[in-house]
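Colleague: So here's input-v1.cif, just mmCIF, C-alpha atoms:
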```
data_structure
loop_
_atom_site.label_atom_id
_atom_site.label_comp_id
_atom_site.auth_asym_id
_atom_site.auth_seq_id
_atom_site.Cartn_x
_atom_site.Cartn_y
_atom_site.Cartn_z
CA MET A 1 -16.48 -12.85 3.34
CA SER A 2 -16.35 -9.50 1.63
CA GLY A 3 -17.25 -9.19 -2.03
CA ARG A 4 -14.84 -6.31 -2.57
CA ALA A 5 -11.48 -6.01 -4.25
CA LEU A 6 -8.81 -5.13 -1.74
CA PHE A 7 -5.20 -3.94 -1.42
CA CYS A 8 -3.70 -2.74 1.84
CA GLN A 9 -1.57 -3.23 4.89
CA PRO A 10 -2.86 -5.12 7.90
CA ARG A 11 -1.15 -5.90 11.17
CA ARG A 12 0.65 -8.89 9.67
CA ILE A 13 3.19 -6.67 7.94
CA ARG A 14 5.12 -6.20 11.17
CA ARG A 15 5.65 -9.98 11.29
CA GLY A 16 7.41 -9.79 7.95
CA ALA A 17 4.49 -10.93 5.80
CA ALA A 18 3.92 -8.99 2.62
CA LEU A 19 0.26 -8.75 1.80
CA THR A 20 -1.49 -10.32 -1.06
CA LEU A 21 -3.18 -9.51 -4.34
CA VAL A 22 -6.57 -11.16 -4.63
CA PHE A 23 -8.76 -11.04 -7.71
CA ALA A 24 -12.35 -12.28 -8.15
CA SER A 25 -14.69 -11.94 -5.15
CA VAL A 26 -11.86 -10.34 -3.17
CA LEU A 27 -8.83 -8.80 -4.90
CA VAL A 28 -5.91 -8.07 -2.61
CA ALA A 29 -2.46 -6.75 -3.50
CA GLY A 30 0.83 -7.15 -1.64
CA ALA A 31 1.54 -4.28 0.68
CA ALA A 32 4.49 -2.73 2.38
CA THR A 33 4.74 0.29 4.58
CA GLY A 34 5.46 3.71 3.16
CA ASN A 35 8.88 3.23 4.67
CA LEU A 36 9.86 0.42 2.29
CA PRO A 37 12.47 0.15 0.97
CA GLY A 38 14.07 3.47 1.94
CA ALA A 39 13.57 5.82 4.83
CA ASP A 40 11.39 8.09 2.71
CA GLY A 41 9.48 5.34 0.92
CA ARG A 42 11.47 5.65 -2.31
CA ALA A 43 14.02 3.33 -3.86
CA THR A 44 16.78 4.37 -6.19
CA ALA A 45 17.64 2.36 -9.26
CA GLU A 46 20.63 0.96 -7.37
CA GLY A 47 18.85 0.61 -4.06
CA ALA A 48 15.64 -1.08 -5.23
CA PRO A 49 15.27 -4.61 -3.87
CA PRO A 50 15.68 -7.48 -6.30
CA ALA A 51 12.41 -8.67 -7.80
CA PRO A 52 10.92 -11.55 -5.80
CA PRO A 53 10.46 -14.95 -7.42
CA ALA A 54 7.08 -15.69 -8.95
CA ALA A 55 4.68 -17.11 -6.39
CA PRO A 56 3.90 -20.85 -6.55
CA VAL A 57 0.30 -21.95 -7.07
CA GLY A 58 -1.84 -25.00 -6.37
CA HIS A 59 -1.59 -25.59 -2.62
CA GLN A 60 -5.09 -24.57 -1.48
CA ALA A 61 -6.15 -28.19 -0.90
CA ASP A 62 -3.13 -28.86 1.35
CA VAL A 63 -3.80 -25.83 3.52
CA THR A 64 -7.52 -26.53 3.79
CA ARG A 65 -6.90 -30.17 4.64
CA ALA A 66 -4.38 -29.26 7.34
CA ALA A 67 -6.87 -26.85 8.93
CA GLU A 68 -9.72 -29.39 8.80
CA GLU A 69 -7.58 -32.13 10.33
CA ALA A 70 -6.51 -29.77 13.13
CA ALA A 71 -10.14 -28.91 13.85
CA ALA A 72 -11.01 -32.63 14.03
CA ASP A 73 -8.09 -33.23 16.42
CA GLY A 74 -9.08 -30.32 18.65
CA THR A 75 -6.01 -28.24 17.79
CA SER A 76 -5.78 -24.82 16.14
CA PRO A 77 -6.83 -24.74 12.45
CA MET A 78 -5.18 -21.35 12.06
CA GLU A 79 -1.81 -22.58 13.33
CA ALA A 80 -2.05 -25.68 11.14
CA ALA A 81 -2.83 -23.52 8.12
CA GLN A 82 0.15 -21.27 8.90
CA ARG A 83 2.46 -24.29 9.01
CA ALA A 84 1.08 -25.55 5.68
CA VAL A 85 1.57 -22.12 4.11
CA SER A 86 5.15 -22.02 5.38
CA ARG A 87 5.86 -25.38 3.74
CA SER A 88 4.28 -24.28 0.45
CA GLY A 89 6.87 -21.60 -0.32
CA ASP A 90 4.09 -19.13 -1.20
CA ARG A 91 5.64 -15.90 0.01
CA TRP A 92 2.47 -13.91 -0.66
CA ALA A 93 0.13 -16.20 1.27
CA ALA A 94 -1.24 -15.05 4.60
CA VAL A 95 -3.44 -16.52 7.34
CA TYR A 96 -5.52 -14.04 9.32
CA SER A 97 -7.47 -14.40 12.54
CA PRO A 98 -11.06 -13.14 12.28
CA GLY A 99 -10.06 -9.93 14.05
CA GLU A 100 -7.03 -9.35 11.85
CA TYR A 101 -9.06 -9.87 8.71
CA GLU A 102 -11.68 -7.41 9.93
CA GLU A 103 -8.97 -4.81 10.56
CA PHE A 104 -7.55 -5.52 7.12
CA GLU A 105 -10.88 -4.78 5.47
CA GLU A 106 -11.34 -1.63 7.54
CA ALA A 107 -7.92 -0.40 6.43
CA LEU A 108 -9.02 -0.90 2.83
CA ASP A 109 -11.92 1.42 3.55
CA GLY A 110 -9.31 4.02 4.44
CA ARG A 111 -10.07 3.79 8.17
CA TYR A 112 -7.72 2.95 11.03
CA THR A 113 -7.27 3.40 14.76
CA GLY A 114 -4.46 5.74 15.70
CA VAL A 115 -3.44 9.22 16.87
CA GLY A 116 -3.04 10.90 13.49
CA LEU A 117 0.69 11.38 13.04
CA TRP A 118 3.16 10.23 10.39
CA ALA A 119 6.76 9.41 11.25
CA ARG A 120 10.06 8.41 9.70
CA GLU A 121 13.42 7.14 10.89
CA ARG A 122 16.21 9.69 10.63
CA GLU A 123 19.72 8.90 11.84
CA GLY A 124 18.39 6.30 14.24
CA ARG A 125 15.71 8.58 15.66
CA ILE A 126 11.96 8.71 14.99
CA GLU A 127 10.81 12.07 13.65
CA VAL A 128 7.22 13.24 13.20
CA THR A 129 6.82 14.23 9.55
CA LYS A 130 3.13 15.18 9.46
CA VAL A 131 0.20 15.65 11.83
CA GLY A 132 -3.31 15.26 10.47
CA ASP A 133 -5.84 18.05 10.92
CA ASP A 134 -8.47 17.49 13.61
CA THR A 135 -6.68 14.43 15.01
CA PRO A 136 -5.69 13.56 18.61
CA ALA A 137 -2.05 14.36 17.81
CA ALA A 138 -3.00 17.81 16.51
CA ASP A 139 -5.19 18.47 19.55
CA ALA A 140 -2.21 17.56 21.77
CA GLY A 141 -0.06 20.19 20.06
CA ILE A 142 2.32 17.73 18.40
CA ARG A 143 4.00 19.20 15.31
CA ALA A 144 5.95 18.03 12.30
CA GLY A 145 9.64 18.00 13.23
CA ASP A 146 9.07 16.82 16.80
CA ARG A 147 11.13 13.83 17.89
CA LEU A 148 9.22 10.80 19.20
CA ARG A 149 11.29 9.28 22.01
CA SER A 150 8.98 6.67 23.55
CA VAL A 151 5.55 5.07 23.29
CA ASP A 152 3.99 3.84 26.55
CA GLY A 153 7.41 3.84 28.15
CA GLU A 154 9.12 1.88 25.36
CA LYS A 155 12.03 3.72 23.75
CA VAL A 156 11.70 3.89 19.97
CA ASP A 157 15.17 5.02 18.89
CA GLY A 158 16.64 2.51 16.47
CA ARG A 159 13.34 0.71 15.88
CA PRO A 160 11.83 0.28 12.42
CA VAL A 161 9.07 2.78 11.74
CA THR A 162 6.68 -0.14 11.17
CA GLU A 163 7.12 -1.22 14.80
CA VAL A 164 6.65 2.33 16.05
CA VAL A 165 3.42 2.70 14.09
CA SER A 166 2.23 -0.59 15.56
CA LEU A 167 2.90 0.72 19.06
CA LEU A 168 1.08 3.98 18.34
CA ARG A 169 -1.96 2.09 17.11
CA GLY A 170 -1.85 -0.43 19.97
CA GLU A 171 -1.96 -3.34 17.54
CA ALA A 172 0.06 -5.78 19.61
CA THR A 173 -2.32 -5.46 22.56
CA GLY A 174 -5.52 -5.08 20.54
CA GLU A 175 -6.22 -1.52 21.70
CA SER A 176 -9.33 0.16 20.29
CA ALA A 177 -10.48 3.72 19.70
CA GLY A 178 -10.78 5.53 23.02
CA SER A 179 -7.74 3.87 24.59
CA THR A 180 -4.84 6.10 25.57
CA VAL A 181 -1.16 6.07 24.70
CA ARG A 182 1.61 7.99 26.50
CA LEU A 183 4.15 9.58 24.16
CA GLY A 184 7.61 10.83 25.02
CA LEU A 185 8.41 13.84 22.83
CA GLU A 186 11.22 16.29 22.21
CA ARG A 187 11.28 19.69 20.46
CA GLY A 188 14.57 21.51 20.50
CA THR A 189 15.66 21.67 24.14
CA ARG A 190 12.20 20.81 25.46
CA ALA A 191 11.33 17.22 26.42
CA TRP A 192 7.89 16.23 27.69
CA HIS A 193 5.26 13.50 27.85
CA GLU A 194 1.80 13.67 26.35
CA THR A 195 -1.10 11.26 26.90
CA VAL A 196 -3.17 10.99 23.73
CA ARG A 197 -6.45 9.18 23.18
CA ARG A 198 -6.63 6.98 20.07
CA ALA A 199 -9.48 7.58 17.62
CA ARG A 200 -10.99 6.13 14.45
CA LEU A 201 -9.41 8.09 11.62
CA SER A 202 -9.61 8.26 7.84
CA ARG A 203 -6.54 8.06 5.65
CA ASP A 204 -6.05 10.63 2.89
CA THR A 205 -4.64 8.55 0.04
CA VAL A 206 -4.73 11.21 -2.70
CA THR A 207 -3.02 14.58 -2.47
CA VAL A 208 -2.83 17.18 -5.23
CA ARG A 209 -0.43 20.08 -5.66
CA GLU A 210 0.58 22.41 -8.47
CA LEU A 211 4.26 23.05 -9.19
CA ALA A 212 5.65 26.43 -10.20
CA SER A 213 5.93 25.10 -13.75
CA GLY A 214 2.16 24.60 -13.88
CA VAL A 215 2.43 20.81 -13.65
CA THR A 216 -0.19 19.13 -11.44
CA VAL A 217 1.17 16.36 -9.20
CA VAL A 218 -1.40 13.75 -8.13
CA LYS A 219 0.15 11.63 -5.39
CA VAL A 220 -1.61 8.32 -4.68
CA GLY A 221 -0.40 6.62 -1.52
CA ALA A 222 -2.68 3.57 -1.72
CA PHE A 223 -5.88 2.43 -3.42
CA THR A 224 -8.50 2.48 -0.68
CA LYS A 225 -12.23 2.99 -1.07
CA GLY A 226 -12.96 6.10 -3.14
CA THR A 227 -9.39 6.62 -4.35
CA GLY A 228 -10.24 6.07 -8.01
CA ASP A 229 -12.94 8.76 -7.99
CA GLU A 230 -10.55 11.14 -6.21
CA VAL A 231 -8.00 10.65 -8.98
CA ARG A 232 -10.65 11.31 -11.64
CA ALA A 233 -11.77 14.46 -9.81
CA ALA A 234 -8.16 15.69 -9.59
CA VAL A 235 -7.72 15.23 -13.35
CA ARG A 236 -10.95 17.09 -14.13
CA GLN A 237 -10.00 19.98 -11.84
CA ALA A 238 -6.43 20.37 -13.10
CA PRO A 239 -5.84 23.53 -15.18
CA ALA A 240 -6.71 23.05 -18.84
CA GLY A 241 -3.77 21.73 -20.83
CA ALA A 242 -1.57 21.25 -17.77
CA GLY A 243 0.56 18.13 -17.66
CA ILE A 244 0.03 15.66 -14.83
CA VAL A 245 2.53 13.64 -12.81
CA LEU A 246 0.81 10.60 -11.34
CA ASP A 247 3.10 9.88 -8.39
CA LEU A 248 2.87 6.20 -7.44
CA ARG A 249 6.17 6.01 -5.55
CA GLY A 250 5.83 3.98 -2.36
CA ASN A 251 2.26 2.98 -3.28
CA SER A 252 1.80 -0.45 -1.73
CA GLY A 253 -1.41 -1.27 -3.60
CA GLY A 254 -4.99 -1.54 -2.44
CA LEU A 255 -8.38 -2.17 -3.98
CA VAL A 256 -8.00 -3.35 -7.56
CA ALA A 257 -11.36 -1.86 -8.55
CA GLU A 258 -10.07 1.54 -7.42
CA ALA A 259 -6.91 1.16 -9.52
CA VAL A 260 -9.09 0.36 -12.55
CA THR A 261 -11.22 3.44 -11.84
CA ALA A 262 -8.04 5.52 -11.64
CA ALA A 263 -6.98 4.11 -15.02
CA SER A 264 -10.36 5.24 -16.36
CA ALA A 265 -9.34 8.84 -15.63
CA PHE A 266 -6.74 8.61 -18.42
CA LEU A 267 -8.13 5.98 -20.82
CA ASP A 268 -11.16 5.87 -23.08
CA GLY A 269 -12.16 2.34 -22.15
CA GLY A 270 -10.17 -0.70 -23.17
CA LEU A 271 -8.05 -3.31 -21.43
CA VAL A 272 -6.32 -2.57 -18.12
CA ALA A 273 -5.07 -6.07 -17.23
CA THR A 274 -5.73 -9.76 -17.65
CA TYR A 275 -5.45 -12.38 -14.92
CA ASP A 276 -5.98 -16.07 -14.42
CA VAL A 277 -7.62 -17.95 -11.57
CA GLU A 278 -6.71 -21.63 -11.65
CA GLY A 279 -6.33 -21.47 -15.43
CA GLU A 280 -9.47 -19.45 -16.15
CA GLN A 281 -8.61 -16.22 -17.99
CA ARG A 282 -10.34 -12.98 -17.00
CA ALA A 283 -9.95 -9.31 -17.85
CA LEU A 284 -10.31 -5.86 -16.32
CA HIS A 285 -11.43 -2.92 -18.48
CA ALA A 286 -11.43 0.85 -18.02
CA GLU A 287 -14.59 2.87 -18.32
CA PRO A 288 -14.89 5.06 -21.45
CA GLY A 289 -14.56 8.84 -21.37
CA GLY A 290 -11.18 9.42 -19.71
CA ASP A 291 -8.84 12.27 -20.62
CA THR A 292 -6.62 10.84 -23.34
CA THR A 293 -4.92 14.07 -24.50
CA ARG A 294 -3.40 15.64 -21.38
CA PRO A 295 0.39 14.98 -21.10
CA LEU A 296 0.98 12.33 -18.42
CA VAL A 297 3.97 10.91 -16.56
CA ALA A 298 3.70 8.04 -14.07
CA LEU A 299 6.37 8.25 -11.37
CA VAL A 300 7.38 4.90 -9.80
CA ASP A 301 10.05 3.26 -7.65
CA GLY A 302 10.89 0.02 -5.85
CA GLY A 303 8.02 0.61 -3.43
CA THR A 304 5.41 0.71 -6.23
CA MET A 305 3.52 -2.56 -5.81
CA SER A 306 0.54 -4.63 -6.89
CA ALA A 307 -2.47 -2.49 -7.87
CA ALA A 308 -0.09 0.43 -8.46
CA GLU A 309 1.92 -1.79 -10.83
CA LEU A 310 -1.29 -2.90 -12.53
CA LEU A 311 -2.18 0.76 -13.20
CA THR A 312 1.36 1.63 -14.31
CA GLY A 313 1.51 -1.33 -16.71
CA ALA A 314 -1.80 -0.35 -18.29
CA LEU A 315 -0.76 3.28 -18.86
CA GLN A 316 2.64 2.22 -20.19
CA ASP A 317 1.40 -0.52 -22.52
CA ARG A 318 -1.44 1.60 -23.84
CA GLY A 319 1.00 4.40 -24.71
CA ARG A 320 -0.85 6.77 -22.42
CA ALA A 321 1.97 7.71 -20.04
CA VAL A 322 5.74 7.92 -19.96
CA VAL A 323 6.94 6.01 -16.89
CA VAL A 324 9.78 7.69 -14.97
CA GLY A 325 11.71 6.41 -11.96
CA SER A 326 13.17 3.03 -11.00
CA ARG A 327 12.02 -0.56 -11.43
CA THR A 328 8.86 -1.42 -9.51
CA PHE A 329 8.62 -4.09 -6.83
CA GLY A 330 7.24 -7.02 -8.84
CA LYS A 331 4.07 -8.20 -7.07
CA GLY A 332 1.54 -9.53 -9.56
CA SER A 333 0.30 -12.82 -8.14
CA VAL A 334 -3.38 -13.61 -7.65
CA GLN A 335 -4.68 -14.85 -4.30
CA MET A 336 -8.08 -16.16 -3.28
CA PRO A 337 -9.45 -16.04 0.28
CA THR A 338 -10.35 -19.36 1.89
CA PRO A 339 -12.38 -19.45 5.13
CA LEU A 340 -11.08 -21.96 7.70
CA PRO A 341 -13.07 -23.95 10.31
CA ASP A 342 -12.26 -21.56 13.19
CA GLY A 343 -13.30 -18.43 11.29
CA SER A 344 -9.77 -17.47 10.26
CA VAL A 345 -9.01 -16.75 6.60
CA ALA A 346 -6.18 -18.03 4.40
CA GLU A 347 -5.25 -16.19 1.21
CA LEU A 348 -3.33 -18.38 -1.20
CA THR A 349 -1.83 -17.83 -4.62
CA VAL A 350 -3.94 -19.19 -7.49
CA GLY A 351 -2.53 -17.35 -10.51
CA HIS A 352 -0.89 -14.19 -11.89
CA TYR A 353 -1.94 -11.05 -13.74
CA ARG A 354 -0.49 -9.52 -16.90
CA THR A 355 -0.40 -6.08 -18.45
CA PRO A 356 -2.38 -5.36 -21.66
CA SER A 357 0.60 -6.41 -23.82
CA GLY A 358 0.91 -9.70 -21.92
CA ARG A 359 3.85 -8.84 -19.67
CA GLY A 360 4.04 -10.70 -16.38
CA VAL A 361 4.73 -8.52 -13.33
CA ASP A 362 5.22 -11.06 -10.55
CA GLY A 363 8.89 -11.63 -9.93
CA HIS A 364 9.85 -9.07 -12.59
CA GLY A 365 8.45 -5.64 -11.83
CA LEU A 366 8.10 -2.95 -14.47
CA THR A 367 11.02 -1.10 -16.02
CA PRO A 368 10.47 2.67 -16.44
CA ASP A 369 10.83 4.34 -19.82
CA VAL A 370 13.15 6.91 -18.24
CA GLU A 371 15.42 5.91 -15.36
CA ALA A 372 15.62 8.51 -12.60
CA ASP A 373 17.01 8.57 -9.09
CA GLU A 374 16.96 11.41 -6.55
CA GLU A 375 15.75 13.99 -9.09
CA ALA A 376 12.87 11.86 -10.33
CA LEU A 377 10.22 14.56 -10.02
CA GLN A 378 12.40 17.09 -11.82
CA ARG A 379 13.01 14.54 -14.56
CA ALA A 380 9.28 13.99 -14.81
CA GLU A 381 8.75 17.74 -15.28
CA THR A 382 11.32 17.75 -18.06
CA VAL A 383 9.62 14.83 -19.79
CA LEU A 384 6.24 16.56 -19.52
CA SER A 385 7.59 19.73 -21.08
CA GLY A 386 8.69 17.68 -24.06
CA LEU A 387 5.33 15.93 -24.29
CA GLY A 388 3.57 19.30 -24.18
CA ARG A 389 5.55 20.55 -27.14
#
```
As structure tokens, what does this structure read like?
Modeller:
Amino acid sequence: MSGRALFCQPRRIRRGAALTLVFASVLVAGAATGNLPGADGRATAEGAPPAPPAAPVGHQADVTRAAEEAAADGTSPMEAAQRAVSRSGDRWAAVYSPGEYEEFEEALDGRYTGVGLWAREREGRIEVTKVGDDTPAADAGIRAGDRLRSVDGEKVDGRPVTEVVSLLRGEATGESAGSTVRLGLERGTRAWHETVRRARLSRDTVTVRELASGVTVVKVGAFTKGTGDEVRAAVRQAPAGAGIVLDLRGNSGGLVAEAVTAASAFLDGGLVATYDVEGEQRALHAEPGGDTTRPLVALVDGGTMSAAELLTGALQDRGRAVVVGSRTFGKGSVQMPTPLPDGSVAELTVGHYRTPSGRGVDGHGLTPDVEADEEALQRAETVLSGLGR
């Protein structure tokens, strides 16, 4: 079992399971694809999903017992654990096969098997929105704006983007790096097929750009290994005195330790969050020496989850950032991993975390200081200009 803190999206998401937030030896936060809840990964104030109910706790013994009894009877411990989880009402719990759990941990390292393209659903069609440099998709000449019509002969029109991504990665059939996938593509009046070989790729979770106004936008898509240090580097390299927009929209979470490191970029030590594990209270603290003077806005929406909510709550409660956008998702429950007799892993809710002021996130989400919809980034710029003055 890994001793890391995690937050990311494994294969289970396509089966409708939101991922989990685990503190202690392994910390995992609920995940959703970048396509949740809207086609572009953002949710408006009106369109954000209702906050989920707080996760129940205290059913680890039932799940473990069900798995052990199944092993003794010669049946599947994993299937027995899944049935017990279903009965528990713990919407954040998940049961992983050994292979799924290994993929989950690899994803948290920012690595995945795929072809290197990003896609979105647009008017019932799947459109390529980005192609990574030095990836199989780039080598094949695929470009942003191309229409993806089929994957290995299966038409993708009308399918959720999550399913299309699963097909591209070969998750359903357990394909590995080096396997091939045949893509049906369209560009203008041209339609063609391309056979692309999957590869082991790294995910860029932090992107930085400077707006015409001089504002630096630091977009964090997820908290994978190294993300926190990338955020700190982006803050150090931003022009002196420039305001920063920390864009956490659509951020499904990730490694909690990385979210705490990111908080350390803006805080001079102090409390980031508290959490409980079966009644035992614990705390997470920022490292000293962060930039506490640069104007800062945190941009959030209904797809901002888990570790991203933990970071947002810390910056908001500590008075370090003005939060702009729409209410966040509301995933703040604490899970612990439990190994089962057949090598599978169950992650079950054992508690909840709170922001520095004691606010609970699970089932509530965080309310921004300034509500904003389609023009959220522009509103953030306006807020920063006021903070600068």
Colleague: Which residues are near Val206 (chain A)? Cut-off 9 Å, all atoms listed in the file, ignore same chain within fewer than 2 positions. Put them as an NGL selection string.
Modeller: :A and (204 or 208 or 218-223 or 227 or 230-231 or 234)
Colleague: If you keep C-alpha atoms, can you produce a file of those selected residues as a PDB file, in the coordinates of the input?
Modeller:
```pdb
ATOM      1  CA  ASP A 204      -6.050  10.630   2.890  1.00  0.00           C
ATOM      2  CA  VAL A 208      -2.830  17.180  -5.230  1.00  0.00           C
ATOM      3  CA  VAL A 218      -1.400  13.750  -8.130  1.00  0.00           C
ATOM      4  CA  LYS A 219       0.150  11.630  -5.390  1.00  0.00           C
ATOM      5  CA  VAL A 220      -1.610   8.320  -4.680  1.00  0.00           C
ATOM      6  CA  GLY A 221      -0.400   6.620  -1.520  1.00  0.00           C
ATOM      7  CA  ALA A 222      -2.680   3.570  -1.720  1.00  0.00           C
ATOM      8  CA  PHE A 223      -5.880   2.430  -3.420  1.00  0.00           C
ATOM      9  CA  THR A 227      -9.390   6.620  -4.350  1.00  0.00           C
ATOM     10  CA  GLU A 230     -10.550  11.140  -6.210  1.00  0.00           C
ATOM     11  CA  VAL A 231      -8.000  10.650  -8.980  1.00  0.00           C
ATOM     12  CA  ALA A 234      -8.160  15.690  -9.590  1.00  0.00           C
TER      13      ALA A 234
END
```
Colleague: Show me, as a ChimeraX atom specification, the residues that have an atom within 9 Å of Asp229 (chain A) when counting all atoms listed in the file, minus same-chain residues fewer than 4 positions from it.
Modeller: /A:233-234,258,261-262,265
Colleague: For the point (-5.4, 6.2, 6.7) in the file's frame, write as a list in words all residues with an atom no more than 7 Å away, counting only C-alpha atoms.
Modeller: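 In the file's frame, the residues around the point are Gly110, Arg111, Tyr112, Leu201, Ser202, Arg203 and Asp204 of chain A.
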Colleague: Could you expand the PyMOL selection byres ((chain A and resi 296) around 12) into the explicit residues it covers here, written as a ChimeraX atom specification?
Modeller: /A:215-218,235,241-247,263,265-267,291-295,297-299,312,315-316,319-324,380-388
Colleague: Using all atoms listed in the file - which residues lie no farther than 8 Å from the point (-0.3, -7.0, -16.7) in the file's frame? Write them as an mmCIF file with C-alpha atoms, in the coordinates of the input.
Modeller:
```cif
data_model
loop_
_atom_site.group_PDB
_atom_site.id
_atom_site.type_symbol
_atom_site.label_atom_id
_atom_site.label_comp_id
_atom_site.auth_asym_id
_atom_site.auth_seq_id
_atom_site.Cartn_x
_atom_site.Cartn_y
_atom_site.Cartn_z
ATOM 1 C CA VAL A 272 -6.320 -2.570 -18.120
ATOM 2 C CA ALA A 273 -5.070 -6.070 -17.230
ATOM 3 C CA THR A 274 -5.730 -9.760 -17.650
ATOM 4 C CA TYR A 275 -5.450 -12.380 -14.920
ATOM 5 C CA LEU A 310 -1.290 -2.900 -12.530
ATOM 6 C CA GLY A 313 1.510 -1.330 -16.710
ATOM 7 C CA ALA A 314 -1.800 -0.350 -18.290
ATOM 8 C CA GLY A 332 1.540 -9.530 -9.560
ATOM 9 C CA TYR A 353 -1.940 -11.050 -13.740
ATOM 10 C CA ARG A 354 -0.490 -9.520 -16.900
ATOM 11 C CA THR A 355 -0.400 -6.080 -18.450
ATOM 12 C CA PRO A 356 -2.380 -5.360 -21.660
ATOM 13 C CA SER A 357 0.600 -6.410 -23.820
ATOM 14 C CA GLY A 358 0.910 -9.700 -21.920
ATOM 15 C CA ARG A 359 3.850 -8.840 -19.670
ATOM 16 C CA GLY A 360 4.040 -10.700 -16.380
ATOM 17 C CA VAL A 361 4.730 -8.520 -13.330
#
```
Colleague: Within 12 Å of Val196 (chain A), counting only C-alpha atoms, which residues qualify if same-chain residues fewer than 4 places away don't, as an MDAnalysis selection string?
Modeller: chainID A and resid 114:117 135:142 151:152 168:169 177:185
Colleague: Give the answer as one residue: which of A:Glu106, A:Val165, A:Leu248, A:Thr349 has the shortest atom-to-atom distance to Thr207 (chain A), using all atoms listed in the file?
Modeller: A:Leu248
Colleague: Go through A:Val156, A:Ala172, A:Val260, A:Val300 and flag the residue nearest Pro288 (chain A), using only C-alpha atoms for the distances.
Modeller: A:Val260
Colleague: When you look at Gly270 (chain A) with a cut-off of 8 Å (counting all atoms listed in the file), what residues show up, excluding the ones that are within fewer than 4 positions of it in the same chain? I need them as a PDB file with C-alpha atoms, in the frame of the given file.
Modeller:
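Full text of part-v1.pdb as output:
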```pdb
ATOM      1  CA  HIS A 285     -11.430  -2.920 -18.480  1.00  0.00           C
ATOM      2  CA  ALA A 286     -11.430   0.850 -18.020  1.00  0.00           C
ATOM      3  CA  GLU A 287     -14.590   2.870 -18.320  1.00  0.00           C
ATOM      4  CA  PRO A 288     -14.890   5.060 -21.450  1.00  0.00           C
TER       5      PRO A 288
END
```
Colleague: Do you have the CA of Val95 (chain A)-CA of Gln82 (chain A) distance handy?
Modeller: 6.2 Å
Colleague: Report, in Å with one decimal, the straight-line distance from CA of Ala307 (chain A) to CA of Leu255 (chain A).
Modeller: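 CA of Leu255 (chain A) lies at a distance of 7.1 Å from CA of Ala307 (chain A).
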Colleague: Go through the shown structure with the PyMOL selection byres ((chain A and resi 366) around 6) and write out the matching residues as JSON, numbers by chain.
Modeller: {"A": [327, 328, 365, 367]}
Colleague: Near Ala80 (chain A), within 12 Å and counting all atoms listed in the file, which residues show up once chain neighbours fewer than 3 positions away are dropped, as a list of chain:residue names?
Modeller: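 Those residues are A:Asp62, A:Val63, A:Thr64, A:Arg65, A:Ala66, A:Ala67, A:Glu68, A:Glu69, A:Ala70, A:Ala71, A:Ala72, A:Asp73, A:Gly74, A:Thr75, A:Ser76, A:Pro77, A:Arg83, A:Ala84, A:Val85, A:Ser86, A:Arg87, A:Val95, A:Leu340, A:Pro341, A:Asp342, A:Ser344, A:Ala346.
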Colleague: Under the rule that only C-alpha atoms are counted, which of A:Glu79, A:Glu371, A:Glu127, A:Asp134 is the nearest residue to Ala94 (chain A)?
Modeller: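 Ranking A:Glu79, A:Glu371, A:Glu127, A:Asp134 by distance to Ala94 (chain A), first place goes to A:Glu79.
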